[in-house]
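A.B. asks: I am sharing entry-v9.txt, which consists of compact mmCIF, C-alpha atoms and all ligand atoms:
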# COMPACT_ATOMS: atom_id res chain seq x y z
CA MET A 1 -142.72 87.06 -94.11
CA ILE A 2 -142.10 90.43 -95.74
CA ILE A 3 -142.81 90.66 -99.48
CA LYS A 4 -141.88 93.73 -101.41
CA LYS A 5 -141.58 94.80 -105.01
CA PHE A 6 -138.66 96.69 -106.46
CA GLN A 7 -138.48 98.37 -109.86
CA ALA A 8 -135.33 99.39 -111.67
CA GLU A 9 -133.90 99.86 -115.15
CA THR A 10 -132.32 96.46 -114.99
CA GLU A 11 -132.92 93.22 -113.14
CA LYS A 12 -129.49 93.58 -111.46
CA GLU A 13 -130.28 97.03 -110.04
CA ALA A 14 -133.64 95.79 -108.72
CA ILE A 15 -132.09 92.88 -106.86
CA LEU A 16 -129.51 95.20 -105.31
CA MET A 17 -132.30 97.49 -104.11
CA ALA A 18 -134.12 94.51 -102.53
CA LYS A 19 -131.02 93.21 -100.78
CA GLU A 20 -130.25 96.67 -99.54
CA GLU A 21 -133.63 97.01 -97.91
CA LEU A 22 -134.45 93.49 -96.81
CA GLY A 23 -131.00 92.24 -96.12
CA LYS A 24 -128.77 89.73 -97.78
CA ASP A 25 -131.14 86.88 -96.96
CA ALA A 26 -133.98 88.32 -99.10
CA ILE A 27 -134.98 86.06 -101.90
CA VAL A 28 -136.36 87.07 -105.26
CA THR A 29 -139.71 85.43 -105.78
CA ASN A 30 -140.70 87.03 -109.11
CA ILE A 31 -139.21 89.15 -111.94
CA LYS A 32 -141.25 90.92 -114.52
CA THR A 33 -140.75 93.59 -117.13
CA ILE A 34 -143.03 96.57 -116.91
CA LYS A 35 -143.79 98.39 -120.12
CA PRO A 36 -144.80 102.05 -120.04
CA LYS A 37 -148.40 102.73 -120.69
CA GLY A 38 -150.26 105.41 -122.74
CA ILE A 39 -148.43 108.15 -124.56
CA TYR A 40 -145.08 107.34 -122.64
CA LYS A 41 -144.85 103.85 -124.11
CA PHE A 42 -143.09 105.30 -127.18
CA PHE A 43 -140.53 107.40 -125.31
CA ARG A 44 -139.55 105.47 -122.10
CA PRO A 45 -137.70 102.18 -121.89
CA SER A 46 -139.23 99.17 -120.11
CA LYS A 47 -138.56 98.65 -116.39
CA VAL A 48 -137.82 95.47 -114.44
CA GLU A 49 -139.85 94.66 -111.34
CA ILE A 50 -138.82 92.07 -108.91
CA THR A 51 -140.70 90.69 -105.95
CA ALA A 52 -138.51 89.92 -103.03
CA ALA A 53 -139.38 88.21 -99.81
CA VAL A 54 -137.67 87.70 -96.47
CA ASP A 55 -138.62 85.64 -93.40
CA ASP A 56 -139.22 88.18 -90.67
CA THR A 57 -139.28 85.62 -87.83
CA VAL A 58 -135.52 85.68 -87.87
CA ASN A 59 -133.98 89.00 -87.15
CA TYR A 60 -131.01 88.76 -89.31
CA GLU A 61 -129.59 91.98 -87.99
CA GLU A 62 -129.94 90.77 -84.45
CA ASP A 63 -128.70 87.40 -85.40
CA SER A 64 -125.68 88.80 -87.01
CA LEU A 65 -125.19 91.07 -84.05
CA LEU A 66 -125.65 88.15 -81.71
CA SER A 67 -123.30 85.98 -83.64
CA SER A 68 -120.73 88.67 -83.82
CA PHE A 69 -121.25 89.31 -80.11
CA GLN A 70 -120.91 85.60 -79.50
CA LYS A 71 -117.81 85.61 -81.60
CA LEU A 72 -116.49 88.52 -79.64
CA ILE A 73 -117.18 86.75 -76.37
CA ASN A 74 -115.60 83.63 -77.68
CA GLU A 75 -112.65 85.55 -78.95
CA ASN A 76 -112.47 87.46 -75.73
CA HIS A 77 -112.71 84.25 -73.79
CA SER A 78 -110.08 82.59 -75.83
CA ASN A 79 -108.06 85.78 -75.65
CA LYS A 80 -108.51 85.70 -71.94
CA GLN A 81 -107.59 82.08 -71.99
CA THR A 82 -104.49 82.81 -73.99
CA GLU A 83 -103.79 85.76 -71.77
CA THR A 84 -104.20 83.66 -68.66
CA LYS A 85 -102.17 80.99 -70.33
CA LYS A 86 -99.55 83.54 -71.17
CA VAL A 87 -99.53 84.89 -67.60
CA ILE A 88 -99.27 81.37 -66.21
CA GLU A 89 -96.60 80.50 -68.71
CA LYS A 90 -94.73 83.69 -67.89
CA GLN A 91 -95.01 82.92 -64.20
CA LEU A 92 -93.83 79.40 -64.78
CA ASP A 93 -90.99 80.71 -66.90
CA LYS A 94 -90.12 83.13 -64.16
CA GLU A 95 -90.24 80.43 -61.55
CA GLU A 96 -88.23 78.18 -63.76
CA ASN A 97 -85.70 80.95 -64.28
CA LEU A 98 -85.72 81.60 -60.59
CA PHE A 99 -85.20 77.95 -59.92
CA ASP A 100 -82.48 77.86 -62.55
CA ASP A 101 -80.93 80.92 -60.93
CA VAL A 102 -81.06 79.36 -57.49
CA LYS A 103 -79.82 76.10 -58.89
CA SER A 104 -76.93 77.72 -60.69
CA THR A 105 -76.03 79.98 -57.77
CA TYR A 106 -76.16 77.06 -55.40
CA SER A 107 -74.19 74.71 -57.59
CA SER A 108 -71.77 77.38 -58.73
CA GLU A 109 -71.05 78.24 -55.11
CA ILE A 110 -70.29 74.61 -54.34
CA GLU A 111 -68.40 74.24 -57.59
CA LYS A 112 -66.43 77.37 -56.82
CA ARG A 113 -65.44 75.99 -53.45
CA LEU A 114 -64.61 72.62 -54.88
CA ASP A 115 -62.77 74.26 -57.73
CA SER A 116 -60.68 76.31 -55.39
CA LEU A 117 -59.98 73.25 -53.30
CA GLN A 118 -59.18 71.24 -56.38
CA ASN A 119 -57.06 74.05 -57.82
CA LEU A 120 -55.20 74.23 -54.58
CA ILE A 121 -54.64 70.55 -54.59
CA GLU A 122 -53.59 70.52 -58.22
CA LYS A 123 -51.25 73.44 -57.59
CA GLN A 124 -49.85 72.28 -54.30
CA ILE A 125 -50.15 68.54 -54.29
CA LYS A 126 -48.36 67.80 -57.54
CA PRO A 127 -44.79 68.46 -56.46
CA THR A 128 -45.16 66.46 -53.27
CA GLN A 129 -47.77 63.97 -54.37
CA GLU A 130 -45.39 61.03 -54.17
CA ASN A 131 -44.56 61.90 -50.58
CA VAL A 132 -48.15 62.08 -49.50
CA THR A 133 -49.52 58.73 -48.52
CA LEU A 134 -53.12 58.63 -47.55
CA SER A 135 -54.03 56.46 -44.65
CA ILE A 136 -57.70 57.35 -44.91
CA GLU A 137 -60.00 54.67 -46.22
CA GLU A 138 -61.32 54.93 -49.79
CA ASP A 139 -64.95 55.87 -49.78
CA LYS A 140 -67.22 56.90 -52.59
CA SER A 141 -69.56 59.21 -50.74
CA ASN A 142 -69.19 62.94 -51.18
CA GLU A 143 -68.39 64.10 -47.70
CA ASN A 144 -65.62 61.56 -47.63
CA GLU A 145 -64.29 63.00 -50.88
CA TYR A 146 -64.27 66.46 -49.29
CA ILE A 147 -62.67 65.11 -46.15
CA LYS A 148 -60.02 63.42 -48.24
CA LEU A 149 -59.25 66.66 -50.07
CA ILE A 150 -59.02 68.57 -46.82
CA TYR A 151 -56.94 65.84 -45.22
CA LYS A 152 -54.50 66.01 -48.14
CA GLN A 153 -54.39 69.79 -47.77
CA MET A 154 -53.39 69.43 -44.13
CA LEU A 155 -50.61 66.97 -45.00
CA ILE A 156 -49.34 69.35 -47.69
CA ASN A 157 -49.09 71.99 -44.97
CA GLU A 158 -47.08 69.48 -42.92
CA VAL A 159 -49.64 68.67 -40.32
CA ASP A 160 -48.44 65.31 -38.99
CA GLU A 161 -50.54 62.35 -40.17
CA LYS A 162 -51.26 61.39 -36.60
CA TYR A 163 -52.86 64.75 -35.78
CA ALA A 164 -54.57 65.12 -39.16
CA ASN A 165 -56.19 61.70 -38.57
CA GLN A 166 -57.13 62.63 -35.04
CA ILE A 167 -58.89 65.78 -36.25
CA ILE A 168 -60.66 63.94 -39.08
CA ASN A 169 -61.80 61.16 -36.74
CA GLU A 170 -63.19 63.64 -34.25
CA ILE A 171 -65.01 65.45 -37.09
CA GLU A 172 -66.40 62.31 -38.65
CA ALA A 173 -67.96 61.32 -35.37
CA THR A 174 -70.09 64.47 -35.37
CA LEU A 175 -70.67 64.89 -39.12
CA GLN A 176 -74.02 63.89 -40.64
CA LYS A 177 -74.17 61.76 -43.77
CA GLY A 178 -74.20 63.73 -47.01
CA ALA A 179 -72.75 66.85 -45.38
CA SER A 180 -71.88 69.64 -47.80
CA VAL A 181 -68.32 70.69 -48.48
CA ASP A 182 -69.12 73.86 -46.54
CA THR A 183 -70.13 71.93 -43.46
CA VAL A 184 -67.10 69.67 -43.68
CA LEU A 185 -64.72 72.61 -44.16
CA THR A 186 -66.32 74.62 -41.36
CA SER A 187 -66.22 71.69 -38.94
CA ILE A 188 -62.56 70.99 -39.60
CA TYR A 189 -61.69 74.68 -39.48
CA GLN A 190 -63.43 75.07 -36.13
CA LYS A 191 -61.78 71.94 -34.81
CA ILE A 192 -58.32 73.24 -35.76
CA VAL A 193 -59.03 76.63 -34.19
CA LEU A 194 -60.10 74.82 -31.04
CA LYS A 195 -57.01 72.63 -31.02
CA LEU A 196 -54.73 75.65 -31.47
CA GLY A 197 -56.46 77.29 -28.52
CA GLN A 198 -56.34 80.84 -27.27
CA PRO A 199 -52.82 82.27 -27.29
CA GLU A 200 -51.42 83.11 -23.87
CA THR A 201 -49.03 86.03 -23.78
CA ILE A 202 -47.20 87.97 -21.08
CA GLU A 203 -49.49 89.44 -18.49
CA LEU A 204 -48.11 91.94 -16.04
CA GLU A 205 -49.24 92.01 -12.45
CA GLU A 206 -49.65 95.15 -10.50
CA LYS A 207 -47.96 93.98 -7.31
CA ASN A 208 -45.46 91.34 -8.39
CA THR A 209 -42.50 91.52 -10.68
CA LYS A 210 -42.97 89.21 -13.65
CA PHE A 211 -39.88 87.15 -14.52
CA VAL A 212 -40.11 85.91 -18.07
CA PHE A 213 -37.69 83.20 -19.23
CA PHE A 214 -36.98 82.45 -22.88
CA ILE A 215 -35.66 78.97 -23.49
CA GLY A 216 -35.00 76.94 -26.63
CA PRO A 217 -32.35 75.75 -29.08
CA THR A 218 -29.56 78.01 -30.33
CA GLY A 219 -30.35 80.18 -33.31
CA VAL A 220 -34.15 79.99 -33.21
CA GLY A 221 -34.44 83.69 -32.41
CA LYS A 222 -34.65 83.92 -28.61
CA THR A 223 -32.57 87.09 -28.27
CA THR A 224 -34.29 88.75 -31.24
CA THR A 225 -37.70 87.85 -29.80
CA ILE A 226 -36.75 89.33 -26.40
CA ALA A 227 -35.70 92.54 -28.17
CA LYS A 228 -39.04 92.68 -30.00
CA ILE A 229 -41.10 92.07 -26.87
CA ALA A 230 -39.02 94.50 -24.81
CA SER A 231 -39.48 97.19 -27.46
CA GLY A 232 -43.20 96.55 -27.45
CA PHE A 233 -43.44 97.07 -23.69
CA LYS A 234 -41.22 100.13 -23.88
CA MET A 235 -43.28 101.74 -26.63
CA ASN A 236 -46.79 100.91 -25.53
CA LYS A 237 -46.65 101.01 -21.78
CA ASN A 238 -44.87 102.89 -19.10
CA THR A 239 -43.24 99.70 -17.93
CA LYS A 240 -40.23 99.40 -15.64
CA MET A 241 -38.19 96.72 -17.35
CA ALA A 242 -34.82 94.98 -17.08
CA LEU A 243 -33.00 92.46 -19.25
CA VAL A 244 -30.99 89.51 -17.98
CA THR A 245 -28.87 87.05 -19.91
CA SER A 246 -27.41 83.75 -18.81
CA ASP A 247 -26.15 82.99 -22.31
CA THR A 248 -22.51 83.43 -21.47
CA TYR A 249 -21.28 80.65 -23.75
CA ARG A 250 -20.90 83.16 -26.55
CA ILE A 251 -19.61 86.70 -26.05
CA ALA A 252 -21.52 87.79 -29.11
CA ALA A 253 -24.77 86.67 -27.49
CA VAL A 254 -24.23 89.01 -24.54
CA GLU A 255 -23.20 91.89 -26.80
CA GLN A 256 -26.28 91.39 -28.97
CA LEU A 257 -28.59 91.86 -26.00
CA ARG A 258 -26.51 94.73 -24.60
CA ILE A 259 -27.06 96.68 -27.82
CA TYR A 260 -30.84 96.30 -27.48
CA ALA A 261 -30.71 97.20 -23.77
CA ASN A 262 -28.79 100.38 -24.60
CA ILE A 263 -31.20 101.36 -27.37
CA LEU A 264 -34.17 100.82 -25.09
CA GLY A 265 -32.45 102.46 -22.13
CA VAL A 266 -33.03 99.52 -19.78
CA PRO A 267 -30.53 97.77 -17.48
CA LEU A 268 -28.86 94.54 -18.55
CA LYS A 269 -27.53 92.02 -16.08
CA VAL A 270 -25.26 89.14 -17.11
CA ILE A 271 -25.47 86.12 -14.85
CA TYR A 272 -23.28 83.05 -14.74
CA SER A 273 -25.20 80.85 -12.31
CA ALA A 274 -28.52 80.18 -10.64
CA GLU A 275 -27.22 81.83 -7.46
CA GLU A 276 -26.57 85.00 -9.36
CA MET A 277 -30.12 84.84 -10.63
CA SER A 278 -31.42 84.79 -7.05
CA GLN A 279 -29.46 87.97 -6.31
CA THR A 280 -30.65 89.59 -9.53
CA LYS A 281 -34.20 88.76 -8.58
CA GLU A 282 -33.89 90.85 -5.45
CA GLU A 283 -32.17 93.60 -7.35
CA PHE A 284 -35.14 93.99 -9.70
CA GLU A 285 -37.78 93.53 -7.02
CA ASP A 286 -39.57 96.77 -7.80
CA TYR A 287 -39.54 96.25 -11.54
CA ASP A 288 -42.64 95.36 -13.54
CA ILE A 289 -40.97 92.88 -15.83
CA VAL A 290 -37.61 91.15 -16.20
CA LEU A 291 -36.90 89.36 -19.49
CA ILE A 292 -34.33 86.57 -19.15
CA ASP A 293 -32.37 85.21 -22.13
CA THR A 294 -30.90 81.73 -21.83
CA ALA A 295 -28.43 79.65 -23.78
CA GLY A 296 -29.61 76.99 -26.15
CA ARG A 297 -28.88 73.60 -24.75
CA SER A 298 -28.06 70.21 -26.12
CA HIS A 299 -30.34 67.37 -25.12
CA LYS A 300 -27.22 65.25 -24.57
CA ASN A 301 -25.63 67.71 -22.18
CA THR A 302 -27.02 66.89 -18.72
CA GLU A 303 -24.94 69.63 -17.10
CA GLN A 304 -26.66 72.27 -19.26
CA LYS A 305 -29.99 70.66 -18.46
CA ASP A 306 -29.38 70.90 -14.72
CA ASP A 307 -28.18 74.50 -15.05
CA LEU A 308 -31.36 75.57 -16.80
CA GLU A 309 -33.62 73.81 -14.34
CA ALA A 310 -31.75 75.40 -11.45
CA LEU A 311 -32.06 78.81 -13.09
CA LEU A 312 -35.81 78.44 -13.62
CA GLY A 313 -36.21 77.15 -10.08
CA THR A 314 -35.00 80.43 -8.60
CA VAL A 315 -38.36 82.10 -9.22
CA ASP A 316 -41.75 81.05 -7.82
CA ASP A 317 -44.31 79.86 -10.33
CA SER A 318 -46.62 82.74 -9.44
CA MET A 319 -43.99 85.24 -10.57
CA LYS A 320 -42.69 83.51 -13.62
CA GLU A 321 -43.60 82.75 -17.18
CA ILE A 322 -41.55 80.44 -19.40
CA TYR A 323 -41.56 80.63 -23.19
CA LEU A 324 -40.12 77.85 -25.31
CA VAL A 325 -38.95 79.46 -28.54
CA LEU A 326 -39.10 77.23 -31.62
CA SER A 327 -38.51 77.89 -35.28
CA ALA A 328 -41.33 77.07 -37.70
CA THR A 329 -38.65 75.96 -40.17
CA THR A 330 -37.43 73.10 -37.98
CA LYS A 331 -38.37 69.62 -39.21
CA TYR A 332 -41.17 68.03 -37.22
CA LYS A 333 -38.97 65.10 -36.20
CA ASP A 334 -36.44 67.52 -34.71
CA LEU A 335 -39.21 69.41 -32.96
CA VAL A 336 -40.31 66.15 -31.33
CA ARG A 337 -36.77 65.63 -30.04
CA ILE A 338 -36.43 69.25 -28.91
CA THR A 339 -39.69 69.21 -26.97
CA GLU A 340 -38.63 65.95 -25.34
CA THR A 341 -35.48 67.74 -24.14
CA TYR A 342 -37.63 70.36 -22.44
CA SER A 343 -40.30 67.96 -21.23
CA THR A 344 -39.14 68.19 -17.62
CA ILE A 345 -40.00 71.86 -17.58
CA ALA A 346 -43.58 72.46 -16.59
CA ASN A 347 -45.97 75.13 -17.75
CA TYR A 348 -44.17 76.63 -20.66
CA ARG A 349 -45.83 78.44 -23.55
CA ILE A 350 -44.69 78.20 -27.13
CA ILE A 351 -43.35 80.92 -29.42
CA PHE A 352 -42.90 80.14 -33.10
CA THR A 353 -40.38 82.23 -35.02
CA LYS A 354 -39.41 82.39 -38.70
CA LEU A 355 -42.91 82.01 -40.09
CA ASP A 356 -41.62 84.12 -42.96
CA GLU A 357 -39.26 81.33 -43.96
CA THR A 358 -41.82 78.61 -44.47
CA ILE A 359 -45.14 78.26 -46.27
CA CYS A 360 -46.17 75.35 -44.06
CA MET A 361 -47.67 76.03 -40.68
CA GLY A 362 -48.36 72.42 -39.79
CA ASN A 363 -45.70 72.41 -37.07
CA ILE A 364 -47.63 74.96 -35.05
CA LEU A 365 -50.57 72.55 -34.79
CA ASN A 366 -48.27 69.51 -34.39
CA VAL A 367 -46.36 70.95 -31.44
CA LYS A 368 -49.53 72.27 -29.82
CA MET A 369 -51.21 68.85 -30.05
CA MET A 370 -48.04 67.00 -29.02
CA THR A 371 -47.19 69.08 -25.94
CA GLY A 372 -50.57 70.48 -24.96
CA SER A 373 -48.72 73.69 -24.05
CA PRO A 374 -50.42 76.97 -24.92
CA LEU A 375 -49.27 78.86 -27.99
CA SER A 376 -48.41 82.52 -27.56
CA TYR A 377 -46.45 84.75 -29.92
CA VAL A 378 -45.38 84.20 -33.50
CA ALA A 379 -42.53 86.02 -35.25
CA TRP A 380 -42.28 86.52 -38.98
CA GLY A 381 -39.02 88.36 -39.63
CA GLN A 382 -35.82 89.89 -38.35
CA ASN A 383 -37.20 93.40 -37.85
CA VAL A 384 -37.22 94.58 -34.26
CA PRO A 385 -39.83 95.38 -33.01
CA ASN A 386 -42.35 94.95 -35.82
CA ASP A 387 -42.16 91.30 -36.84
CA ILE A 388 -43.97 89.78 -33.88
CA GLY A 389 -47.55 89.34 -32.73
CA ARG A 390 -50.00 87.12 -30.90
CA LEU A 391 -50.75 83.90 -32.70
CA ASP A 392 -53.95 84.17 -34.74
CA ALA A 393 -55.55 80.71 -34.56
CA GLN A 394 -58.10 81.54 -37.27
CA PHE A 395 -55.35 82.62 -39.64
CA VAL A 396 -53.31 79.46 -39.01
CA ALA A 397 -56.39 77.22 -39.44
CA LYS A 398 -57.21 78.91 -42.74
CA LYS A 399 -53.64 78.40 -43.96
CA LEU A 400 -53.65 74.76 -42.93
CA LEU A 401 -56.79 74.20 -45.03
CA GLY A 402 -55.16 75.75 -48.07
CA GLY A 403 -56.54 79.26 -47.74
CA SER A 404 -54.56 82.23 -48.92
CA ASP A 405 -53.55 85.25 -46.82
N1 LIG B 501 -36.39 85.17 -40.93
C1 LIG B 501 -36.39 85.31 -39.60
N2 LIG B 501 -35.25 85.38 -38.93
C2 LIG B 501 -35.28 85.51 -37.58
C3 LIG B 501 -36.50 85.57 -36.88
N3 LIG B 501 -36.21 85.70 -35.56
C4 LIG B 501 -34.87 85.72 -35.47
N4 LIG B 501 -34.29 85.61 -36.66
C5 LIG B 501 -32.87 85.56 -37.01
O1 LIG B 501 -32.33 84.33 -36.58
C6 LIG B 501 -30.98 84.51 -36.21
C7 LIG B 501 -30.77 84.01 -34.81
O2 LIG B 501 -31.47 84.84 -33.91
P1 LIG B 501 -31.11 84.98 -32.39
O3 LIG B 501 -32.06 85.90 -31.78
O4 LIG B 501 -29.67 85.33 -32.22
O5 LIG B 501 -31.36 83.49 -31.92
P2 LIG B 501 -31.01 82.82 -30.48
O6 LIG B 501 -29.71 82.09 -30.67
O7 LIG B 501 -32.11 81.88 -30.22
O8 LIG B 501 -30.93 83.91 -29.50
C8 LIG B 501 -30.70 85.99 -36.36
O9 LIG B 501 -30.08 86.21 -37.59
C9 LIG B 501 -32.05 86.61 -36.33
O10 LIG B 501 -32.08 87.83 -37.03
C10 LIG B 501 -37.72 85.49 -37.63
O11 LIG B 501 -38.83 85.51 -37.12
N5 LIG B 501 -37.61 85.36 -38.98
MG MG B 502 -29.41 84.45 -28.23
Show me this structure written as structure tokens.
C.D. replies:
Amino acid sequence: MIIKKFQAETEKEAILMAKEELGKDAIVTNIKTIKPKGIYKFFRPSKVEITAAVDDTVNYEEDSLLSSFQKLINENHSNKQTETKKVIEKQLDKEENLFDDVKSTYSSEIEKRLDSLQNLIEKQIKPTQENVTLSIEEDKSNENEYIKLIYKQMLINEVDEKYANQIINEIEATLQKGASVDTVLTSIYQKIVLKLGQPETIELEEKNTKFVFFIGPTGVGKTTTIAKIASGFKMNKNTKMALVTSDTYRIAAVEQLRIYANILGVPLKVIYSAEEMSQTKEEFEDYDIVLIDTAGRSHKNTEQKDDLEALLGTVDDSMKEIYLVLSATTKYKDLVRITETYSTIANYRIIFTKLDETICMGNILNVKMMTGSPLSYVAWGQNVPNDIGRLDAQFVAKKLLGGSD
């Protein structure tokens, strides 16, 4: 215990002095007034004396320091806690944002694809909706919804129901349950590309002359196609080439080819029979390639049928290539009939012309799947020689699934 006395003019001043020295916990134990003594008692005012005491076993300074330190630690701790909390919260927020981001990217990607499919269907299905009858079973699961959309898209592009179903059935057999629209689309796309196959186009041989016959209905573009192909060979390669035509039913047909032959500076031979073809064959023995135009024939005319077969028979298989020229604008039913007409001819490849006149490429897949014959060239306009090229299976598959150019 510390006990001390403090004197001041007033009681208040004395207490302040005690508190200042002993701390705020000092207590006043006594107050007394001190009167001056002797001669000064008449001149000086009285003073106030207080006795103040404080318990010295408790170091108030230390205590206060300690408490404030404790407070600081506590604050610090709680600060740290809040900081940690904040960091964790921030991290969680970040992760949540990240998750949201991923979620939105993922779903928006799917939605985008579905949207585009749906848009396509809305845009393209509406006018023909009544004509499109679905033979696929109703099913609630997602991949079946996607398949249904894609199936519809194929029908819109005039893929025959039979072949669309065949493709879907083959896909469904390999598809896992709950497959994404991406997987479904990719599988069908790949299946179509596979069905279309690699295009097979004219291949020259070093030793042998290649005799290339162009057959098909009247007006599909046989002569124009020959002109395009001939120009291509003339421009790109140093090829020795001749043109032959057996289409003598129309004078204009011969003249049309003669004009091209003159422009290209290659010989043109007009033949009236299979025998003449045999002679012509010998005549062009040392040529690299001979392109032979034929007349369109009626499936009812057996005489024309025999003529064509005899003409084709004049050249060995090893030296010949046959191209059946078809127009992409021909109705599928007519294409079935046309291909039946030519069914006795083996090993032909298919050329599709007039792609520029239709938005539906279904017939390309239909005819390929119906005949099993390889596809080759496609033509997309009247311009000689530019509007022709090898069939691009990926491009056709994309179109059949509703993709744009
Ligand atoms: N739009 C379009 N017209 C074509 C194409 N190929 C040929 N034609 C046109 O179809 C018509 C008949 O062509 P042609 O070669 O005489 O047919 P051919 O009777 O089979 O020999 C002509 O007017 C050609 O210009 C094509 O790819 N697109
Ligand atoms: Mg012609």
A.B. asks: Of the residues A:Leu264, A:Ile215, A:Ala26, A:Met319, which is the one nearest to ligand LIG 501 (chain B), using only C-alpha atoms and all ligand atoms?
C.D. replies: A:Ile215
A.B. asks: Neighbours of Thr314 of chain A within 7 Å (all atoms listed in the file; same-chain residues fewer than 6 positions away dropped), as an mmCIF file with C-alpha atoms, keeping the file's coordinate frame?
C.D. replies:
data_model
loop_
_atom_site.group_PDB
_atom_site.id
_atom_site.type_symbol
_atom_site.label_atom_id
_atom_site.label_comp_id
_atom_site.auth_asym_id
_atom_site.auth_seq_id
_atom_site.Cartn_x
_atom_site.Cartn_y
_atom_site.Cartn_z
ATOM 1 C CA ALA A 274 -28.520 80.180 -10.640
ATOM 2 C CA MET A 277 -30.120 84.840 -10.630
ATOM 3 C CA SER A 278 -31.420 84.790 -7.050
#
A.B. asks: Excluding Thr339 of chain A and its own-chain neighbours fewer than 3 positions away, which residues fall within 10 Å of it when counting all atoms listed in the file? Please give them as a list in words.
C.D. replies: Gly216, His299, Leu324, Leu326, Asp334, Leu335, Val336, Tyr342, Ser343, Thr344, Ile345, Val367, Met370 and Thr371 of chain A
A.B. asks: If the limit is 8 Å from any atom of ligand LIG 501 (chain B), counting only C-alpha atoms and all ligand atoms, which residues qualify? Return them as a PyMOL selection string.
C.D. replies: chain A and resi 216-226+253+256+293-296+325+327+352-357+378-383+387-388
A.B. asks: Got time to write the residues from that selection, C-alpha atoms, as an mmCIF file, in the frame of the given file?
C.D. replies:
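Wrote part_1.cif, looks like this:
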data_model
loop_
_atom_site.group_PDB
_atom_site.id
_atom_site.type_symbol
_atom_site.label_atom_id
_atom_site.label_comp_id
_atom_site.auth_asym_id
_atom_site.auth_seq_id
_atom_site.Cartn_x
_atom_site.Cartn_y
_atom_site.Cartn_z
ATOM 1 C CA GLY A 216 -35.000 76.940 -26.630
ATOM 2 C CA PRO A 217 -32.350 75.750 -29.080
ATOM 3 C CA THR A 218 -29.560 78.010 -30.330
ATOM 4 C CA GLY A 219 -30.350 80.180 -33.310
ATOM 5 C CA VAL A 220 -34.150 79.990 -33.210
ATOM 6 C CA GLY A 221 -34.440 83.690 -32.410
ATOM 7 C CA LYS A 222 -34.650 83.920 -28.610
ATOM 8 C CA THR A 223 -32.570 87.090 -28.270
ATOM 9 C CA THR A 224 -34.290 88.750 -31.240
ATOM 10 C CA THR A 225 -37.700 87.850 -29.800
ATOM 11 C CA ILE A 226 -36.750 89.330 -26.400
ATOM 12 C CA ALA A 253 -24.770 86.670 -27.490
ATOM 13 C CA GLN A 256 -26.280 91.390 -28.970
ATOM 14 C CA ASP A 293 -32.370 85.210 -22.130
ATOM 15 C CA THR A 294 -30.900 81.730 -21.830
ATOM 16 C CA ALA A 295 -28.430 79.650 -23.780
ATOM 17 C CA GLY A 296 -29.610 76.990 -26.150
ATOM 18 C CA VAL A 325 -38.950 79.460 -28.540
ATOM 19 C CA SER A 327 -38.510 77.890 -35.280
ATOM 20 C CA PHE A 352 -42.900 80.140 -33.100
ATOM 21 C CA THR A 353 -40.380 82.230 -35.020
ATOM 22 C CA LYS A 354 -39.410 82.390 -38.700
ATOM 23 C CA LEU A 355 -42.910 82.010 -40.090
ATOM 24 C CA ASP A 356 -41.620 84.120 -42.960
ATOM 25 C CA GLU A 357 -39.260 81.330 -43.960
ATOM 26 C CA VAL A 378 -45.380 84.200 -33.500
ATOM 27 C CA ALA A 379 -42.530 86.020 -35.250
ATOM 28 C CA TRP A 380 -42.280 86.520 -38.980
ATOM 29 C CA GLY A 381 -39.020 88.360 -39.630
ATOM 30 C CA GLN A 382 -35.820 89.890 -38.350
ATOM 31 C CA ASN A 383 -37.200 93.400 -37.850
ATOM 32 C CA ASP A 387 -42.160 91.300 -36.840
ATOM 33 C CA ILE A 388 -43.970 89.780 -33.880
#
A.B. asks: Take every atom of segment 392-403 of chain A listed in the file, fit an axis-aligned box around them, add 6 Å per side, and give the centre and edge lengths in Å to one decimal as JSON.
C.D. replies:
{"center_x": -55.7, "center_y": 79.2, "center_z": -41.3, "size_x": 16.8, "size_y": 22.0, "size_z": 25.5}
A.B. asks: Enter the distance from atom CA of Ile289 of chain A to atom CA of Ile259 of chain A, in Å, rounded to one decimal.
C.D. replies: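 Taking atom CA of Ile289 of chain A as the start and atom CA of Ile259 of chain A as the end point, the length is 18.8 Å.
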A.B. asks: Can you measure atom CA of Arg349 of chain A to atom CA of Asn386 of chain A for me? One decimal in Å is fine.
C.D. replies: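 We find that atom CA of Arg349 of chain A and atom CA of Asn386 of chain A lie 20.9 Å from each other.
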A.B. asks: Could you check which of A:Gly402, A:Leu257, A:Gly362, A:Glu303 is closest to ligand MG 502 (chain B), using all atoms listed in the file?
C.D. replies: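 Smallest separation from ligand MG 502 (chain B) among the options: A:Leu257.
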A.B. asks: Excluding Lys333 of chain A and any residue of its chain fewer than 4 positions from it, enumerate the residues within 10 Å of it, using only C-alpha atoms, and give them as a list of chain:residue names.
C.D. replies: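 Counting only the stated atoms, we get A:Asp160, A:Arg337, A:Ile338, A:Asn363.
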A.B. asks: For each of A:Asn301, A:Thr248, A:Asn262, A:Thr29, take the minimum atom-to-atom distance to ligand MG 502 (chain B), counting all atoms listed in the file, then give the residue where this is smallest.
C.D. replies: A:Thr248
A.B. asks: What is the atom CA of Thr51 of chain A-atom CA of Lys4 of chain A distance in Å, reported with one decimal?
C.D. replies: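 Between atom CA of Thr51 of chain A and atom CA of Lys4 of chain A the gap works out to 5.6 Å.
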A.B. asks: Would you please work out which residue, of A:Ile263, A:Asn366, A:Val244, A:Ile350, is nearest to ligand MG 502 (chain B) when using only C-alpha atoms and all ligand atoms?
C.D. replies: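 The closest residue to ligand MG 502 (chain B) is A:Val244.
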